[in-house]
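query.txt (compact mmCIF, C-alpha atoms) appears below.
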```
# COMPACT_ATOMS: atom_id res chain seq x y z
CA MET A 291 -1.13 21.18 -21.59
CA SER A 292 1.09 18.22 -20.72
CA THR A 293 -0.04 15.04 -18.96
CA TYR A 294 1.84 13.23 -16.21
CA LEU A 295 1.54 9.94 -14.35
CA LEU A 296 1.59 10.11 -10.54
CA THR A 297 2.02 6.96 -8.48
CA TRP A 298 0.84 5.76 -5.09
CA ASN A 299 2.13 2.70 -3.25
CA PRO A 300 -0.16 2.06 -0.25
CA ASN A 301 2.56 -0.10 1.30
CA ALA A 302 4.88 2.92 1.48
CA TYR A 303 2.57 5.92 1.88
CA PRO A 304 -0.57 5.79 4.06
CA PHE A 305 -3.62 7.57 2.73
CA ASP A 306 -5.82 7.14 5.79
CA ASP A 307 -8.39 9.79 4.86
CA PHE A 308 -8.94 8.18 1.46
CA ASP A 309 -12.65 7.53 2.05
CA GLU A 310 -13.11 11.12 3.27
CA ARG A 311 -11.50 12.38 0.07
CA VAL A 312 -13.84 10.24 -2.05
CA ALA A 313 -16.77 11.74 -0.14
CA GLU A 314 -15.32 15.23 -0.65
CA ILE A 315 -15.18 14.62 -4.40
CA HIS A 316 -18.86 13.69 -4.37
CA SER A 317 -19.89 16.68 -2.26
CA GLU A 318 -17.57 19.41 -3.52
CA GLY A 319 -16.48 18.18 -6.96
CA THR A 320 -12.75 18.49 -6.21
CA PHE A 321 -10.17 18.32 -3.47
CA GLN A 322 -6.65 19.67 -3.33
CA MET A 323 -3.45 18.19 -1.90
CA ARG A 324 0.26 18.08 -2.71
CA TRP A 325 1.80 15.06 -4.40
CA SER A 326 5.39 14.04 -5.03
CA THR A 327 6.60 14.52 -8.62
CA GLY A 328 9.78 12.42 -8.43
CA VAL A 329 12.56 14.25 -10.26
CA THR A 330 10.25 16.06 -12.68
CA GLN A 331 10.51 19.84 -12.44
CA ARG A 332 8.89 20.97 -15.70
CA ILE A 333 5.31 20.68 -14.44
CA VAL A 334 3.32 23.91 -14.69
CA GLU A 335 -0.06 25.00 -13.40
CA GLY A 336 -2.85 23.58 -15.56
CA ASP A 337 -1.07 20.37 -16.58
CA ARG A 338 -3.12 17.18 -16.40
CA CYS A 339 -2.31 14.16 -14.20
CA PHE A 340 -3.51 10.63 -13.49
CA LEU A 341 -2.83 8.72 -10.27
CA MET A 342 -1.74 5.09 -10.57
CA ARG A 343 -2.05 2.73 -7.60
CA LEU A 344 0.94 0.37 -7.49
CA GLY A 345 2.63 -1.89 -4.96
CA ALA A 346 -0.51 -3.75 -3.90
CA GLU A 347 -3.45 -5.28 -5.71
CA PRO A 348 -5.65 -4.04 -7.22
CA LYS A 349 -3.39 -1.90 -9.37
CA GLY A 350 -4.55 0.75 -11.82
CA ILE A 351 -5.58 4.36 -12.25
CA ILE A 352 -7.83 5.57 -9.44
CA ALA A 353 -7.73 9.37 -9.79
CA SER A 354 -7.29 12.28 -12.16
CA GLY A 355 -6.77 15.99 -11.74
CA PHE A 356 -4.89 19.12 -12.70
CA PHE A 357 -1.76 20.64 -11.24
CA CYS A 358 -2.47 23.97 -9.57
CA SER A 359 1.15 24.91 -8.87
CA GLU A 360 4.62 24.48 -10.24
CA THR A 361 6.99 22.06 -8.49
CA PHE A 362 8.55 23.01 -5.16
CA VAL A 363 10.89 21.39 -2.65
CA ASP A 364 9.83 20.39 0.85
CA GLU A 365 10.54 17.79 3.52
CA HIS A 366 10.31 14.23 2.22
CA TRP A 367 6.92 12.60 2.65
CA SER A 368 8.52 9.76 4.66
CA GLY A 369 9.48 12.23 7.39
CA GLU A 370 13.08 11.07 7.30
CA LYS A 371 15.33 13.86 8.59
CA GLY A 372 17.60 15.48 6.05
CA ARG A 373 15.64 14.21 3.06
CA SER A 374 13.59 16.38 0.74
CA CYS A 375 11.66 15.88 -2.48
CA LEU A 376 9.76 17.68 -5.18
CA TYR A 377 6.02 18.30 -4.85
CA ALA A 378 3.27 20.01 -6.79
CA ASP A 379 -0.24 20.92 -5.65
CA VAL A 380 -2.94 18.92 -7.41
CA GLU A 381 -6.65 19.61 -7.66
CA PHE A 382 -8.15 16.15 -8.08
CA ASP A 383 -11.46 15.98 -9.96
CA VAL A 384 -11.99 12.22 -9.69
CA LEU A 385 -11.04 9.71 -6.98
CA VAL A 386 -12.48 6.19 -6.91
CA SER A 387 -12.07 3.23 -4.62
CA PRO A 388 -9.44 0.79 -5.94
CA PHE A 389 -11.85 -2.00 -5.00
CA SER A 390 -14.61 -0.67 -7.26
CA ASP A 391 -15.23 -1.42 -10.93
CA GLU A 392 -14.35 2.19 -11.67
CA ILE A 393 -10.61 1.61 -11.35
CA LEU A 394 -8.83 1.48 -14.73
CA PRO A 395 -6.82 -1.75 -14.33
CA LEU A 396 -3.10 -1.85 -14.96
CA GLU A 397 -3.51 -4.97 -17.10
CA ILE A 398 -5.78 -3.15 -19.53
CA LEU A 399 -3.39 -0.22 -19.82
CA LYS A 400 -0.46 -2.54 -20.51
CA SER A 401 -2.49 -4.33 -23.15
CA GLU A 402 -3.64 -1.13 -24.89
CA PHE A 403 -0.29 0.68 -24.68
CA PRO A 404 2.43 -1.98 -24.35
CA ALA A 405 5.26 0.39 -25.30
CA TYR A 406 4.59 2.74 -22.38
CA LYS A 407 5.98 1.98 -18.90
CA TRP A 408 2.98 2.10 -16.55
CA THR A 409 4.97 1.04 -13.46
CA PRO A 410 7.63 3.72 -12.97
CA GLN A 411 9.73 3.85 -9.81
CA ALA A 412 8.52 7.37 -9.01
CA SER A 413 5.83 9.92 -9.85
CA GLY A 414 6.10 12.57 -12.51
CA GLN A 415 6.60 10.51 -15.64
CA SER A 416 5.31 12.25 -18.77
CA ILE A 417 2.51 10.62 -20.78
CA PRO A 418 2.83 11.22 -24.56
CA GLU A 419 0.01 13.26 -26.06
CA THR A 420 -1.08 10.40 -28.35
CA ILE A 421 -1.53 8.11 -25.35
CA ALA A 422 -2.97 10.84 -23.11
CA SER A 423 -5.85 11.56 -25.50
CA GLN A 424 -6.81 7.88 -25.64
CA LEU A 425 -6.39 7.56 -21.89
CA GLU A 426 -8.91 10.36 -21.33
CA LYS A 427 -11.48 8.46 -23.40
CA MET A 428 -10.80 5.19 -21.57
CA TRP A 429 -11.00 6.92 -18.19
CA GLY A 430 -14.30 8.56 -19.10
CA GLY A 431 -15.74 5.25 -20.20
CA GLN A 432 -14.49 3.53 -17.05
CA LEU A 433 -16.40 6.00 -14.89
CA ALA A 434 -19.73 5.26 -16.58
CA PRO A 435 -22.34 3.86 -14.18
CA ARG A 436 -21.92 0.11 -13.58
CA ASN A 437 -22.77 -2.58 -11.03
CA VAL A 438 -20.07 -2.95 -8.40
CA LYS A 439 -19.41 -6.42 -7.02
CA GLN A 440 -19.22 -6.60 -3.26
CA ARG A 441 -16.00 -7.93 -1.75
CA PRO A 442 -14.55 -8.01 1.78
CA LEU A 443 -12.69 -4.85 2.81
CA TRP A 444 -10.43 -4.38 5.81
CA GLU A 445 -10.63 -1.15 7.77
CA GLY A 446 -9.55 0.30 11.07
CA ALA A 447 -5.78 0.67 10.84
CA MET A 448 -4.53 3.88 12.48
CA TRP A 449 -2.26 6.21 10.50
CA ARG A 450 -1.35 9.87 10.72
CA VAL A 451 -1.35 12.10 7.64
CA VAL A 452 -1.14 15.89 7.31
CA SER A 453 -2.96 17.67 4.49
CA ASN A 454 -4.63 20.97 3.70
CA ARG A 455 -8.24 21.66 2.83
CA ARG A 456 -10.30 24.81 2.41
CA GLU A 457 -12.59 25.83 5.25
CA ARG A 458 -16.22 26.31 4.23
CA ASN A 459 -18.67 28.51 6.12
CA PRO A 460 -21.95 26.69 6.95
CA LEU A 461 -23.73 30.03 7.44
CA ALA A 462 -22.93 31.03 3.86
CA ARG A 463 -24.29 27.69 2.65
CA GLN A 464 -27.52 28.18 4.59
CA GLU A 465 -28.02 31.75 3.31
CA CYS A 466 -27.61 30.47 -0.24
CA ILE A 467 -30.23 27.77 0.33
CA ASP A 468 -32.60 30.18 2.11
CA HIS A 469 -32.49 32.46 -0.94
CA TYR A 470 -32.35 30.03 -3.88
CA GLY A 471 -34.15 27.04 -2.37
CA LEU A 472 -33.33 23.34 -2.57
CA ASN A 473 -33.83 22.80 -6.31
CA CYS A 474 -30.72 22.31 -8.45
CA ALA A 475 -29.91 25.58 -10.21
CA VAL A 476 -29.05 23.59 -13.34
CA CYS A 477 -31.57 20.79 -13.80
CA GLY A 478 -34.18 21.55 -11.12
CA PHE A 479 -33.70 18.24 -9.27
CA ASN A 480 -35.09 18.20 -5.72
CA PHE A 481 -33.95 15.43 -3.38
CA GLN A 482 -37.00 15.54 -1.11
CA LYS A 483 -39.44 15.26 -4.02
CA VAL A 484 -37.69 12.10 -5.19
CA TYR A 485 -36.59 10.49 -1.90
CA GLY A 486 -39.19 11.80 0.52
CA ASP A 487 -38.31 12.81 4.07
CA ILE A 488 -34.79 11.36 3.95
CA GLY A 489 -34.02 13.82 1.14
CA GLU A 490 -35.11 16.85 3.17
CA ASP A 491 -32.57 19.71 3.09
CA VAL A 492 -30.17 17.68 0.91
CA ILE A 493 -28.37 19.71 -1.77
CA HIS A 494 -24.81 20.62 -2.73
CA VAL A 495 -23.72 24.26 -2.72
CA HIS A 496 -21.39 25.22 -5.55
CA HIS A 497 -18.83 28.03 -5.44
CA LEU A 498 -19.02 29.86 -8.76
CA GLU A 499 -15.33 30.70 -8.29
CA PRO A 500 -13.60 27.57 -6.87
CA LEU A 501 -12.06 27.97 -3.43
CA GLY A 502 -8.97 26.20 -4.75
CA LEU A 503 -8.14 29.29 -6.81
CA ALA A 504 -8.08 31.55 -3.78
CA LYS A 505 -4.70 32.59 -2.39
CA GLY A 506 -6.09 32.63 1.13
CA GLU A 507 -9.25 33.58 3.00
CA ARG A 508 -11.80 35.56 1.05
CA GLU A 509 -15.17 37.13 1.70
CA VAL A 510 -18.12 35.21 0.29
CA ASP A 511 -21.45 36.70 -0.73
CA PRO A 512 -23.89 33.75 -0.54
CA LEU A 513 -26.26 35.24 -3.13
CA ARG A 514 -23.58 36.32 -5.59
CA ASP A 515 -20.98 33.56 -5.19
CA LEU A 516 -22.95 30.38 -4.38
CA ARG A 517 -25.61 28.27 -6.09
CA PRO A 518 -27.43 25.08 -5.02
CA VAL A 519 -26.76 22.16 -7.37
CA CYS A 520 -27.46 18.43 -7.28
CA ALA A 521 -24.62 15.91 -6.94
CA ASN A 522 -24.72 14.90 -10.62
CA CYS A 523 -24.53 18.44 -11.95
CA HIS A 524 -21.84 19.32 -9.41
CA LEU A 525 -19.68 16.45 -10.65
CA ILE A 526 -20.01 17.52 -14.28
CA ILE A 527 -19.39 21.19 -13.44
CA HIS A 528 -15.91 20.20 -12.23
CA LYS A 529 -15.06 17.85 -15.10
CA ARG A 530 -12.63 20.40 -16.52
CA LYS A 531 -9.97 22.65 -15.01
CA GLU A 532 -12.09 25.78 -15.46
CA PRO A 533 -15.49 24.71 -14.09
CA TYR A 534 -18.52 24.95 -16.37
CA THR A 535 -20.73 27.92 -15.59
CA ILE A 536 -24.34 27.46 -14.54
CA GLU A 537 -25.42 28.86 -17.92
CA GLU A 538 -23.18 26.42 -19.81
CA MET A 539 -24.55 23.54 -17.75
CA LYS A 540 -28.15 24.55 -18.49
CA ALA A 541 -27.34 24.59 -22.21
CA ILE A 542 -25.82 21.11 -21.96
CA VAL A 543 -28.79 19.70 -20.06
CA ARG A 544 -31.30 21.20 -22.50
CA SER A 545 -29.33 20.39 -25.65
CA ASP A 546 -31.47 18.95 -28.43
CA ASP A 547 -28.54 16.67 -29.33
CA ARG A 548 -28.94 14.64 -26.16
CA LYS A 549 -31.06 11.51 -26.39
CA PRO A 550 -33.25 10.46 -23.45
CA LEU A 551 -32.10 7.44 -21.45
```

Take the structure in this file and express it as C-alpha cells.
Amino acid sequence: MSTYLLTWNPNAYPFDDFDERVAEIHSEGTFQMRWSTGVTQRIVEGDRCFLMRLGAEPKGIIASGFFCSETFVDEHWSGEKGRSCLYADVEFDVLVSPFSDEILPLEILKSEFPAYKWTPQASGQSIPETIASQLEKMWGGQLAPRNVKQRPLWEGAMWRVVSNRRERNPLARQECIDHYGLNCAVCGFNFQKVYGDIGEDVIHVHHLEPLGLAKGEREVDPLRDLRPVCANCHLIIHKRKEPYTIEEMKAIVRSDDRKPL
C-alpha cells in the first residue's frame, strides 16, 4: 500500500457541504467522493491518502482515507470548458474542522519532516513509507479527545458543488432496530439510559458490508446485513480499509490488555 498527499485550497475549490460531510463521518463512519490527483496516475485501489488544507489559514491535514478506484480522466473541477484532469474515488474515514484542535498543523509537519515538501502545487504527491508510518501515529494522536477552543466562524456563503453519496433506506434501518433493539451490538451502550429522553431512539446502524463497496443498488436484508452500534464503536469499526467485524470489535472491547480510564 502506497500513501499519497491530496491538497485542498478553499480559495480555489468550494467545499460547501463540508459540515454535512463531517456529520456523515460521525453517523456513517465514512463518506465517498472523487478528488483530483494532479498528474499522478499510479494510484491503485486500497492506497492510503491524507488531505492537506492549503491556501488559507489554518493550514494542515484535516482528513484521511483510502482510494477506492484507480485514476480516471474527467472534466476539470473548475468547470472550464476544454479542460480535464485526473481523479480517483476516495473513501474518507476521518474529516475534521480546520478550526478545531484536531487539525494536524502544517508547522508541526514541517518541523518533524523538514526534508519533505508539504505544500505541493497539486494533489497526488507520494509520501515515503518511512514518513507515512510516522504520520499515521501523529494523526492518531492528534485525533485523541481534547478541549477545543471556541473562535468566531463565518458561515452562509452560497456555493454549488456536485457529489455522489449512497442512498440509505430508512425502512431497513427501522427493521434492524425493531429486531435488535437500541443497544450497541458491540459494547451494549444505550443512549436513552445515559441521556434520558433526549437519547430516545438514538443509535447508528452499521452495514456489515459497506455500501461504498457496492457497484450499484443492492438488496438489503435488515436482519442479516445491518447492526445497531453506538457512535464510538462505529468510528472505530471504520478505522481501517476493511471494516472490523462485530466479533473483532467485541474482542477489542473486552480485551484484558485494555486498562480502564

- Query: With all atoms listed in the file as the basis for distance, which of A:Phe382, A:Phe389, A:Tyr303, A:Phe362 is at the shortest distance from Arg530 of chain A?
  - Reply: A:Phe382

Using all atoms listed in the file, find each residue in segment 357-399 of chain A having at least one atom no more than 9 Å away from segment 321-340 of chain A; report its shortest atom-to-atom pair and that distance in Å (one decimal), rows by chain then rising number, as a tab-separated table.
```
residue	atom	partner	partner_atom	distance
A:Phe357	CA	A:Glu335	CA	5.2
A:Cys358	CA	A:Glu335	CA	4.6
A:Ser359	CA	A:Glu335	CA	4.7
A:Glu360	CA	A:Val334	CA	4.7
A:Thr361	CA	A:Gln331	CA	5.7
A:Phe362	CA	A:Gln331	CA	8.2
A:His366	CA	A:Ser326	CA	8.8
A:Trp367	CA	A:Ser326	CA	8.0
A:Cys375	CA	A:Ser326	CA	7.0
A:Leu376	CA	A:Thr327	CA	5.6
A:Tyr377	CA	A:Ser326	CA	4.3
A:Ala378	CA	A:Arg324	CA	5.4
A:Asp379	CA	A:Arg324	CA	4.1
A:Val380	CA	A:Gln322	CA	5.6
A:Glu381	CA	A:Gln322	CA	4.3
A:Phe382	CA	A:Phe321	CA	5.5
A:Asp383	CA	A:Phe321	CA	7.0
A:Val384	CA	A:Phe321	CA	8.9
```

- Message: I'd like the neighbourhood of Val519 of chain A as an MDAnalysis selection string, where a residue qualifies if any of its atoms comes within 8 Å (using all atoms listed in the file), though same-chain residues fewer than 6 positions away should be ignored.
- Response: chainID A and resid 473:476 493:496

- Query: In Å, with one decimal, what is the gap from atom CA of Gly431 of chain A to atom CA of Asp307 of chain A?
  - Reply: 26.5 Å

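The spacing separating atom CA of Lys531 of chain A from atom CA of Tyr470 of chain A amounts to 26.1 Å.
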
Write out as a PDB file with C-alpha atoms, keeping the file's coordinate frame each polymer residue whose atoms come within 12 Å of Pro418 of chain A, counting all atoms listed in the file; drop sequence neighbours fewer than 4 positions from it.
```pdb
ATOM      1  CA  MET A 291      -1.130  21.180 -21.590  1.00  0.00           C
ATOM      2  CA  SER A 292       1.090  18.220 -20.720  1.00  0.00           C
ATOM      3  CA  THR A 293      -0.040  15.040 -18.960  1.00  0.00           C
ATOM      4  CA  TYR A 294       1.840  13.230 -16.210  1.00  0.00           C
ATOM      5  CA  LEU A 295       1.540   9.940 -14.350  1.00  0.00           C
ATOM      6  CA  ARG A 338      -3.120  17.180 -16.400  1.00  0.00           C
ATOM      7  CA  CYS A 339      -2.310  14.160 -14.200  1.00  0.00           C
ATOM      8  CA  PHE A 403      -0.290   0.680 -24.680  1.00  0.00           C
ATOM      9  CA  ALA A 405       5.260   0.390 -25.300  1.00  0.00           C
ATOM     10  CA  TYR A 406       4.590   2.740 -22.380  1.00  0.00           C
ATOM     11  CA  LYS A 407       5.980   1.980 -18.900  1.00  0.00           C
ATOM     12  CA  ALA A 422      -2.970  10.840 -23.110  1.00  0.00           C
ATOM     13  CA  SER A 423      -5.850  11.560 -25.500  1.00  0.00           C
ATOM     14  CA  GLN A 424      -6.810   7.880 -25.640  1.00  0.00           C
ATOM     15  CA  LEU A 425      -6.390   7.560 -21.890  1.00  0.00           C
TER      16      LEU A 425
END
```

Edge lengths and centre in Å, axis-aligned, segment 365-370 of chain A plus 3 Å each side, as lines of an AutoDock Vina configuration file:
```
center_x = 10.0
center_y = 13.8
center_z = 4.8
size_x = 12.2
size_y = 14.0
size_z = 11.2
```

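Residue nearest Pro388 of chain A, chosen from A:Glu426, A:Asp306, A:Asp364, A:Glu347 and counting all atoms listed in the file: A:Glu347.
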
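Taking atom CA of Ala302 of chain A and atom CA of Met342 of chain A as the two end points, the separation is 13.9 Å.
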
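Among the candidates A:Pro500, A:Leu394, A:Gln415, A:Arg311, the one nearest to Leu296 of chain A when counting all atoms listed in the file is A:Gln415.
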
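Nearest to Leu525 of chain A of all the residues A:Leu385, A:Cys466, A:Leu396, A:Ile352 is A:Leu385, based on only C-alpha atoms.
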